[in-house]
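K.L.:
Just input-v7.cif, nothing more (mmCIF, C-alpha atoms and all ligand atoms):
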data_query
#
loop_
_atom_site.label_atom_id
_atom_site.label_comp_id
_atom_site.auth_asym_id
_atom_site.auth_seq_id
_atom_site.Cartn_x
_atom_site.Cartn_y
_atom_site.Cartn_z
CA MET R 1 -14.60 16.03 35.84
CA ALA R 2 -14.76 16.79 32.10
CA PRO R 3 -13.79 13.86 29.84
CA THR R 4 -10.28 14.03 28.35
CA THR R 5 -9.48 14.03 24.64
CA SER R 6 -8.02 10.55 24.77
CA SER R 7 -11.07 9.04 26.40
CA LEU R 8 -13.42 10.38 23.73
CA ILE R 9 -11.59 10.54 20.41
CA HIS R 10 -10.73 7.28 18.72
CA ARG R 11 -9.57 6.83 15.21
CA ARG R 12 -10.92 4.71 12.42
CA GLY R 13 -8.06 3.00 10.61
CA PHE R 14 -7.60 3.55 6.87
CA MET R 15 -5.82 1.88 3.96
CA LEU R 16 -2.70 3.57 2.56
CA VAL R 17 -1.85 2.26 -0.90
CA LEU R 18 1.53 2.73 -2.61
CA SER R 19 1.72 1.92 -6.32
CA SER R 20 4.53 2.47 -8.80
CA PRO R 21 6.17 0.87 -11.78
CA SER R 22 8.35 -2.03 -10.68
CA GLY R 23 11.69 -0.76 -9.32
CA ALA R 24 10.61 2.83 -8.53
CA GLY R 25 10.94 2.13 -4.80
CA LYS R 26 7.53 1.46 -3.23
CA THR R 27 8.79 -1.54 -1.20
CA THR R 28 11.75 0.49 0.12
CA ILE R 29 9.48 3.39 1.09
CA ALA R 30 7.00 0.99 2.72
CA ARG R 31 9.78 -0.59 4.82
CA GLY R 32 11.05 2.83 5.90
CA LEU R 33 7.57 3.89 6.92
CA LEU R 34 7.01 0.72 8.95
CA GLU R 35 10.23 1.42 10.87
CA ARG R 36 9.15 4.97 11.72
CA ASP R 37 5.51 4.41 12.51
CA THR R 38 4.17 1.80 14.88
CA GLY R 39 0.53 2.61 14.10
CA ILE R 40 0.61 1.07 10.65
CA THR R 41 0.56 -2.60 9.64
CA MET R 42 1.78 -3.98 6.30
CA SER R 43 -0.68 -6.06 4.32
CA VAL R 44 1.23 -9.19 3.25
CA SER R 45 -0.07 -10.32 -0.13
CA VAL R 46 -0.36 -13.82 -1.50
CA THR R 47 1.39 -14.47 -4.80
CA THR R 48 1.99 -17.31 -7.23
CA ARG R 49 5.35 -15.88 -8.33
CA MET R 50 8.64 -17.58 -7.41
CA MET R 51 10.36 -16.38 -4.26
CA ARG R 52 13.34 -14.07 -4.94
CA PRO R 53 16.68 -14.64 -3.20
CA GLY R 54 16.50 -12.94 0.19
CA GLU R 55 12.70 -12.85 0.38
CA ILE R 56 11.06 -14.28 3.47
CA GLU R 57 7.82 -16.29 3.44
CA GLY R 58 5.12 -14.50 5.43
CA GLN R 59 7.09 -11.25 5.52
CA ASP R 60 7.50 -10.22 1.87
CA TYR R 61 4.66 -12.39 0.57
CA HIS R 62 2.81 -15.59 1.28
CA PHE R 63 4.07 -17.71 -1.62
CA ILE R 64 1.30 -20.07 -2.69
CA ASP R 65 0.44 -22.24 -5.71
CA GLN R 66 -2.16 -21.42 -8.35
CA GLN R 67 -4.69 -23.91 -6.98
CA ARG R 68 -4.64 -22.35 -3.52
CA PHE R 69 -4.80 -18.85 -5.03
CA ASP R 70 -7.85 -19.77 -7.10
CA ARG R 71 -9.56 -21.26 -4.05
CA MET R 72 -8.93 -18.11 -2.00
CA ALA R 73 -10.23 -15.90 -4.81
CA GLU R 74 -13.36 -18.02 -5.31
CA SER R 75 -14.23 -18.18 -1.62
CA GLY R 76 -13.97 -14.40 -1.16
CA ASP R 77 -10.87 -14.58 1.05
CA LEU R 78 -9.16 -11.88 -1.06
CA LEU R 79 -10.06 -8.22 -0.70
CA GLU R 80 -8.71 -7.62 -4.21
CA HIS R 81 -6.63 -9.60 -6.65
CA ALA R 82 -4.99 -9.16 -10.03
CA ARG R 83 -2.64 -10.73 -12.52
CA VAL R 84 0.61 -8.76 -12.81
CA PHE R 85 3.63 -9.69 -14.98
CA GLY R 86 2.10 -13.14 -15.59
CA ASN R 87 1.63 -14.01 -11.91
CA CYS R 88 -1.33 -13.72 -9.54
CA TYR R 89 -1.27 -11.40 -6.55
CA GLY R 90 -3.95 -10.77 -3.93
CA THR R 91 -4.68 -9.20 -0.55
CA PRO R 92 -5.90 -11.57 2.18
CA ARG R 93 -9.09 -10.03 3.53
CA MET R 94 -9.04 -11.11 7.15
CA ALA R 95 -5.72 -9.54 8.22
CA VAL R 96 -6.79 -6.18 6.79
CA GLU R 97 -10.23 -6.24 8.37
CA ASP R 98 -8.79 -7.23 11.77
CA ALA R 99 -6.22 -4.40 11.69
CA LEU R 100 -8.76 -1.76 10.58
CA GLY R 101 -11.20 -2.99 13.22
CA ALA R 102 -8.52 -2.47 15.87
CA GLY R 103 -8.06 1.16 14.71
CA ARG R 104 -4.76 0.51 12.94
CA ASP R 105 -3.87 1.79 9.48
CA VAL R 106 -2.87 -0.71 6.81
CA LEU R 107 -0.15 -0.20 4.20
CA PHE R 108 -0.31 -1.84 0.77
CA ALA R 109 2.29 -2.05 -2.01
CA ILE R 110 -0.01 -3.14 -4.82
CA ASP R 111 -0.63 -2.26 -8.46
CA TRP R 112 -3.23 0.06 -10.03
CA GLN R 113 -5.73 -2.77 -10.52
CA GLY R 114 -5.68 -3.54 -6.80
CA ALA R 115 -5.95 0.16 -5.91
CA GLN R 116 -9.00 0.47 -8.18
CA GLN R 117 -10.70 -2.53 -6.57
CA LEU R 118 -10.11 -1.19 -3.05
CA ALA R 119 -11.47 2.20 -4.15
CA GLN R 120 -14.63 0.58 -5.52
CA ASN R 121 -15.35 -1.08 -2.19
CA ALA R 122 -14.17 1.47 0.37
CA ARG R 123 -13.28 4.85 -1.18
CA ASP R 124 -13.64 6.74 2.11
CA ASP R 125 -11.17 4.47 3.87
CA LEU R 126 -8.54 4.60 1.13
CA VAL R 127 -5.60 6.98 0.66
CA SER R 128 -3.50 6.32 -2.43
CA VAL R 129 0.02 7.43 -3.32
CA PHE R 130 1.68 6.96 -6.69
CA VAL R 131 5.49 6.74 -6.66
CA LEU R 132 7.29 7.90 -9.81
CA PRO R 133 10.96 7.27 -10.61
CA PRO R 134 13.07 10.40 -11.30
CA SER R 135 13.80 9.11 -14.84
CA VAL R 136 13.62 6.03 -17.05
CA THR R 137 17.40 5.55 -16.84
CA GLU R 138 17.22 5.57 -13.06
CA LEU R 139 14.27 3.15 -13.07
CA GLU R 140 16.26 0.65 -15.12
CA ARG R 141 19.33 1.19 -12.94
CA ARG R 142 17.29 0.42 -9.81
CA LEU R 143 15.74 -2.70 -11.33
CA ARG R 144 19.20 -3.97 -12.26
CA GLY R 145 20.76 -2.79 -8.99
CA ARG R 146 18.25 -4.83 -7.01
CA GLY R 147 20.09 -7.80 -8.51
CA GLN R 148 17.22 -10.20 -8.04
CA ASP R 149 15.71 -10.52 -11.49
CA SER R 150 16.91 -11.99 -14.79
CA GLU R 151 17.42 -9.79 -17.88
CA GLU R 152 14.17 -11.17 -19.28
CA VAL R 153 12.20 -10.28 -16.14
CA ILE R 154 13.77 -6.78 -16.09
CA ALA R 155 12.89 -6.22 -19.76
CA ASN R 156 9.32 -7.33 -19.11
CA ARG R 157 8.99 -4.93 -16.16
CA MET R 158 10.41 -2.02 -18.16
CA ALA R 159 7.96 -2.80 -20.97
CA LYS R 160 5.03 -2.65 -18.51
CA ALA R 161 6.21 0.51 -16.73
CA SER R 162 4.46 2.86 -19.14
CA ASN R 163 1.09 1.20 -18.57
CA GLU R 164 1.44 1.34 -14.76
CA ILE R 165 2.54 5.00 -14.92
CA SER R 166 -0.48 5.88 -17.09
CA HIS R 167 -2.67 5.41 -13.98
CA TRP R 168 -1.02 8.19 -11.96
CA PRO R 169 -4.00 10.59 -12.24
CA GLU R 170 -6.19 8.12 -10.33
CA TYR R 171 -4.15 8.60 -7.13
CA ASP R 172 -4.65 11.09 -4.28
CA TYR R 173 -0.93 11.93 -4.00
CA VAL R 174 2.07 11.63 -6.31
CA ILE R 175 5.70 11.65 -5.21
CA VAL R 176 8.90 11.46 -7.25
CA ASN R 177 11.24 9.09 -5.43
CA SER R 178 14.61 10.78 -5.87
CA ASP R 179 15.95 10.74 -2.32
CA VAL R 180 14.64 7.78 -0.35
CA ASP R 181 14.63 9.52 3.06
CA GLU R 182 12.71 12.47 1.62
CA SER R 183 10.20 10.10 0.06
CA ILE R 184 9.67 8.24 3.34
CA ALA R 185 9.22 11.59 5.11
CA ALA R 186 6.71 12.67 2.45
CA VAL R 187 4.60 9.54 2.89
CA ALA R 188 4.86 9.89 6.69
CA SER R 189 3.44 13.44 6.34
CA ILE R 190 0.57 12.16 4.23
CA LEU R 191 -0.15 9.51 6.87
CA HIS R 192 -0.03 12.10 9.64
CA ALA R 193 -2.37 14.53 7.86
CA GLU R 194 -4.86 11.85 6.80
CA ARG R 195 -5.12 10.66 10.41
CA LEU R 196 -6.34 14.12 11.37
CA ARG R 197 -9.21 14.10 8.87
CA ARG R 198 -12.39 15.03 10.67
CA ARG R 199 -14.35 11.99 9.54
CA ARG R 200 -11.68 9.60 10.81
CA GLN R 201 -11.77 10.95 14.35
CA VAL R 202 -14.61 8.98 15.86
CA GLY R 203 -16.00 10.68 18.98
CA LEU R 204 -14.98 14.17 17.87
CA PRO R 205 -18.55 15.60 18.05
CA GLU R 206 -18.87 14.32 21.65
CA PHE R 207 -15.50 15.84 22.57
CA VAL R 208 -16.40 19.21 21.07
CA ARG R 209 -19.76 19.09 22.84
CA SER R 210 -18.02 18.39 26.14
CA ILE R 211 -15.89 21.50 25.60
CA GLN R 212 -18.87 23.61 24.65
CA ASP R 213 -20.85 22.37 27.64
CA THR R 214 -18.19 23.69 29.98
CA LEU R 215 -17.86 27.08 28.26
N1 LIG Q 1 -3.26 -6.02 -7.15
C1 LIG Q 1 -2.22 -6.44 -6.44
N2 LIG Q 1 -0.98 -6.17 -6.85
C2 LIG Q 1 0.04 -6.59 -6.07
C3 LIG Q 1 -0.15 -7.28 -4.85
N3 LIG Q 1 1.06 -7.54 -4.33
C4 LIG Q 1 1.98 -7.02 -5.17
N4 LIG Q 1 1.37 -6.46 -6.22
C5 LIG Q 1 2.00 -5.78 -7.36
O1 LIG Q 1 2.57 -6.72 -8.24
C6 LIG Q 1 3.65 -6.11 -8.92
C7 LIG Q 1 4.86 -7.03 -8.87
O2 LIG Q 1 5.30 -7.18 -7.57
P1 LIG Q 1 6.67 -7.91 -7.27
O3 LIG Q 1 6.67 -9.21 -7.99
O4 LIG Q 1 6.91 -7.96 -5.81
O5 LIG Q 1 7.72 -7.00 -7.99
P2 LIG Q 1 8.30 -5.55 -7.62
O6 LIG Q 1 7.19 -4.58 -7.57
O7 LIG Q 1 9.22 -5.31 -8.75
O8 LIG Q 1 9.02 -5.67 -6.31
C8 LIG Q 1 3.88 -4.77 -8.25
O9 LIG Q 1 3.26 -3.76 -9.06
C9 LIG Q 1 3.15 -4.90 -6.96
O10 LIG Q 1 2.72 -3.67 -6.48
C10 LIG Q 1 -1.50 -7.54 -4.44
O11 LIG Q 1 -1.79 -8.12 -3.40
N5 LIG Q 1 -2.48 -7.10 -5.26
N1 LIG Q 2 15.33 6.89 -3.81
C1 LIG Q 2 16.11 5.86 -4.17
N2 LIG Q 2 17.35 6.09 -4.60
C2 LIG Q 2 18.16 5.07 -4.98
N3 LIG Q 2 17.79 3.76 -4.97
C3 LIG Q 2 16.54 3.46 -4.55
C4 LIG Q 2 15.64 4.49 -4.13
N4 LIG Q 2 14.48 3.90 -3.77
C5 LIG Q 2 14.65 2.56 -3.96
N5 LIG Q 2 15.89 2.30 -4.41
C6 LIG Q 2 16.46 0.99 -4.79
O1 LIG Q 2 15.84 0.59 -6.01
C7 LIG Q 2 15.62 -0.82 -6.02
C8 LIG Q 2 14.12 -1.07 -6.28
O2 LIG Q 2 13.38 -0.62 -5.15
P1 LIG Q 2 12.10 -1.42 -4.60
O3 LIG Q 2 11.69 -0.74 -3.35
O4 LIG Q 2 12.37 -2.89 -4.57
O5 LIG Q 2 11.04 -1.09 -5.78
P2 LIG Q 2 9.56 -1.60 -6.05
O6 LIG Q 2 9.05 -2.19 -4.78
O7 LIG Q 2 8.81 -0.37 -6.46
O8 LIG Q 2 9.67 -2.60 -7.15
C9 LIG Q 2 16.11 -1.36 -4.69
O9 LIG Q 2 17.41 -1.89 -4.88
C10 LIG Q 2 16.14 -0.12 -3.79
O10 LIG Q 2 17.15 -0.24 -2.80
#
Take the structure in this file and express it as structure tokens.
Ligand SMILES: Nc1nc2c(ncn2[C@@H]2O[C@H](COP(=O)(O)OP(=O)(O)O)[C@@H](O)[C@H]2O)c(=O)[nH]1
Ligand SMILES: Nc1ncnc2c1ncn2[C@@H]1O[C@H](COP(=O)(O)OP(=O)(O)O)[C@@H](O)[C@H]1O

P.N.:
Amino acid sequence: MAPTTSSLIHRRGFMLVLSSPSGAGKTTIARGLLERDTGITMSVSVTTRMMRPGEIEGQDYHFIDQQRFDRMAESGDLLEHARVFGNCYGTPRMAVEDALGAGRDVLFAIDWQGAQQLAQNARDDLVSVFVLPPSVTELERRLRGRGQDSEEVIANRMAKASNEISHWPEYDYVIVNSDVDESIAAVASILHAERLRRRRQVGLPEFVRSIQDTL
């Protein structure tokens, strides 16, 4: 009997990065995508920043102190790391490598510095999406509406928004997050299309050969 598609074609997992200025909605889009798609795993970063009300340890971030962060960075336990808004953030290496090895895709909500570092190490396995706010007024409204940051923190994030946005041309895709459901659907389409890329379908040559052999 000829082999079936499912027995021959496997997929190599890839990294899907969402970046945006703070408050544009990347965390909301990431959560929506995780609800819709069981094939993708969220990378939970480590950070030295204070936990916000409502955040959950191990789900939103692993909240750690500076000493532990420095040790992880020095011993190569972080796939990438950066200082953002005066705090340190980094991606634990092992969880990502385990998920990719198991053929799962991994979702990241990280800044442009992290996206650049991932691209330097694994460009072929990286798909990047930049999320823009519909306007500056709406960005500020969302930051305030989140109700989790002080005026000082909000002002600092608004001041840094222009620098983050300046990196948009480095990304594979750009979406304007006006309607959240449309944005989630847009990122889901990107995920769907990228999974069909020829180079990610391991075993495709064997499958095609098996078809040709029976023709
Ligand atoms: N490079 C890097 N950036 C991260 C990581 N985790 C979060 N960030 C970025 O750090 C910035 C601040 O994140 P956060 O404090 O959660 O604030 P928020 O983006 O306003 O929700 C955002 O731009 C995140 O994308 C990480 O592991 N690596
Ligand atoms: N398309 C949207 N329309 C209206 N509000 C949104 C939209 N996307 C996100 N938000 C809200 O904006 C705030 C900031 O979103 P969040 O996902 O935390 O941003 P980020 O992770 O980029 O900092 C949250 O209160 C969220 O509910």

K.L.:
Could you give me, as a VMD selection string, every polymer residue with an atom at most 9 Å away from an atom of ligand LIG 2 (chain Q), counting only C-alpha atoms and all ligand atoms?

P.N.:
chain R and resid 18 to 31 109 131 133 to 134 138 to 139 141 to 148 176 to 183

K.L.:
Compile the contact shell of Arg123 in chain R as a PDB file with C-alpha atoms, in the coordinates of the input: residues with an atom at most 12 Å away, counting all atoms listed in the file, same-chain residues fewer than 6 positions apart removed.

P.N.:
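After the write, out15.pdb holds the following:
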ATOM      1  CA  PHE R  14      -7.600   3.550   6.870  1.00  0.00           C
ATOM      2  CA  MET R  15      -5.820   1.880   3.960  1.00  0.00           C
ATOM      3  CA  LEU R  16      -2.700   3.570   2.560  1.00  0.00           C
ATOM      4  CA  VAL R  17      -1.850   2.260  -0.900  1.00  0.00           C
ATOM      5  CA  ALA R 115      -5.950   0.160  -5.910  1.00  0.00           C
ATOM      6  CA  GLN R 116      -9.000   0.470  -8.180  1.00  0.00           C
ATOM      7  CA  GLN R 117     -10.700  -2.530  -6.570  1.00  0.00           C
ATOM      8  CA  TYR R 171      -4.150   8.600  -7.130  1.00  0.00           C
ATOM      9  CA  ASP R 172      -4.650  11.090  -4.280  1.00  0.00           C
TER      10      ASP R 172
END

K.L.:
Could you give me, as a PyMOL selection string, the residues within 10 Å of Pro53 in chain R, counting all atoms listed in the file and dropping anything in the same chain fewer than 2 positions from it?

P.N.:
chain R and resi 50-51+55-56+147-149

K.L.:
Using atom C3 of ligand LIG 1 (chain Q) and CA of Tyr89 in chain R as the two end points, give the distance in Å to one decimal.

P.N.:
4.6 Å

K.L.:
Which of these, R:His10, R:Arg93, R:His192, R:Leu132, has the shortest distance to Asp37 in chain R once you count all atoms listed in the file?

P.N.:
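Among the listed residues, R:His192 lies closest to Asp37 in chain R.
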
K.L.:
Would you work out the distance separating atom O7 of ligand LIG 1 (chain Q) from CA of Gln59 in chain R, expressed in Å to one decimal?

P.N.:
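These atoms are spaced 15.6 Å apart.
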
K.L.:
From the options R:Met42, R:Ala185, R:Ala193, R:Ala161, which residue's atoms come nearest to Phe108 in chain R, counting only C-alpha atoms?

P.N.:
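The closest residue to Phe108 in chain R is R:Met42.
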
K.L.:
Which is closest to Ser135 in chain R among R:Leu78, R:Ile154, R:Ile165, R:Leu107, if we use only C-alpha atoms?

P.N.:
R:Ile165

K.L.:
Just the number, please: distance in Å from CA of Arg104 in chain R to CA of Thr41 in chain R, one decimal.

P.N.:
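Rounded to one decimal, the two atoms are 7.0 Å apart.
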
K.L.:
Any idea what's packed within 9 Å of Gly39 in chain R, counting all atoms listed in the file, ignoring anything in its chain fewer than 4 positions away? Could you give it as a compact mmCIF listing (two decimals) with C-alpha atoms, keeping the file's coordinate frame?

P.N.:
# COMPACT_ATOMS: atom_id res chain seq x y z
CA LEU R 34 7.01 0.72 8.95
CA GLY R 103 -8.06 1.16 14.71
CA ARG R 104 -4.76 0.51 12.94
CA ASP R 105 -3.87 1.79 9.48
CA VAL R 106 -2.87 -0.71 6.81

K.L.:
With only C-alpha atoms and all ligand atoms as the atoms that count, which of R:Asn87, R:Val208, R:Asp213, R:Asn121 lies nearest to ligand LIG 1 (chain Q)?

P.N.:
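Using only C-alpha atoms and all ligand atoms, ligand LIG 1 (chain Q) sits closest to R:Asn87.
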
K.L.:
Calculated over only C-alpha atoms and all ligand atoms, which of the candidates R:Gly90, R:Pro169, R:Gly203, R:Gly101 has the smallest distance to ligand LIG 1 (chain Q)?

P.N.:
R:Gly90

K.L.:
For ligand LIG 1 (chain Q), which residue among R:Ala82, R:Ala119, R:Val187, R:Val153 is the nearest when counting all atoms listed in the file?

P.N.:
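Closest to ligand LIG 1 (chain Q) of all the choices is R:Ala82.
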
K.L.:
For Phe63 in chain R, please output as a ChimeraX atom specification all residues within 9 Å (counting all atoms listed in the file; exclusion window: fewer than 2 positions along the same chain).

P.N.:
/R:45-51,57-58,60-61,65

K.L.:
Write out the residues from the selection above, keeping C-alpha atoms, as a CSV table (one decimal), keeping the file's coordinate frame.

P.N.:
chain,number,residue,atom,x,y,z
R,45,SER,CA,-0.1,-10.3,-0.1
R,46,VAL,CA,-0.4,-13.8,-1.5
R,47,THR,CA,1.4,-14.5,-4.8
R,48,THR,CA,2.0,-17.3,-7.2
R,49,ARG,CA,5.4,-15.9,-8.3
R,50,MET,CA,8.6,-17.6,-7.4
R,51,MET,CA,10.4,-16.4,-4.3
R,57,GLU,CA,7.8,-16.3,3.4
R,58,GLY,CA,5.1,-14.5,5.4
R,60,ASP,CA,7.5,-10.2,1.9
R,61,TYR,CA,4.7,-12.4,0.6
R,65,ASP,CA,0.4,-22.2,-5.7
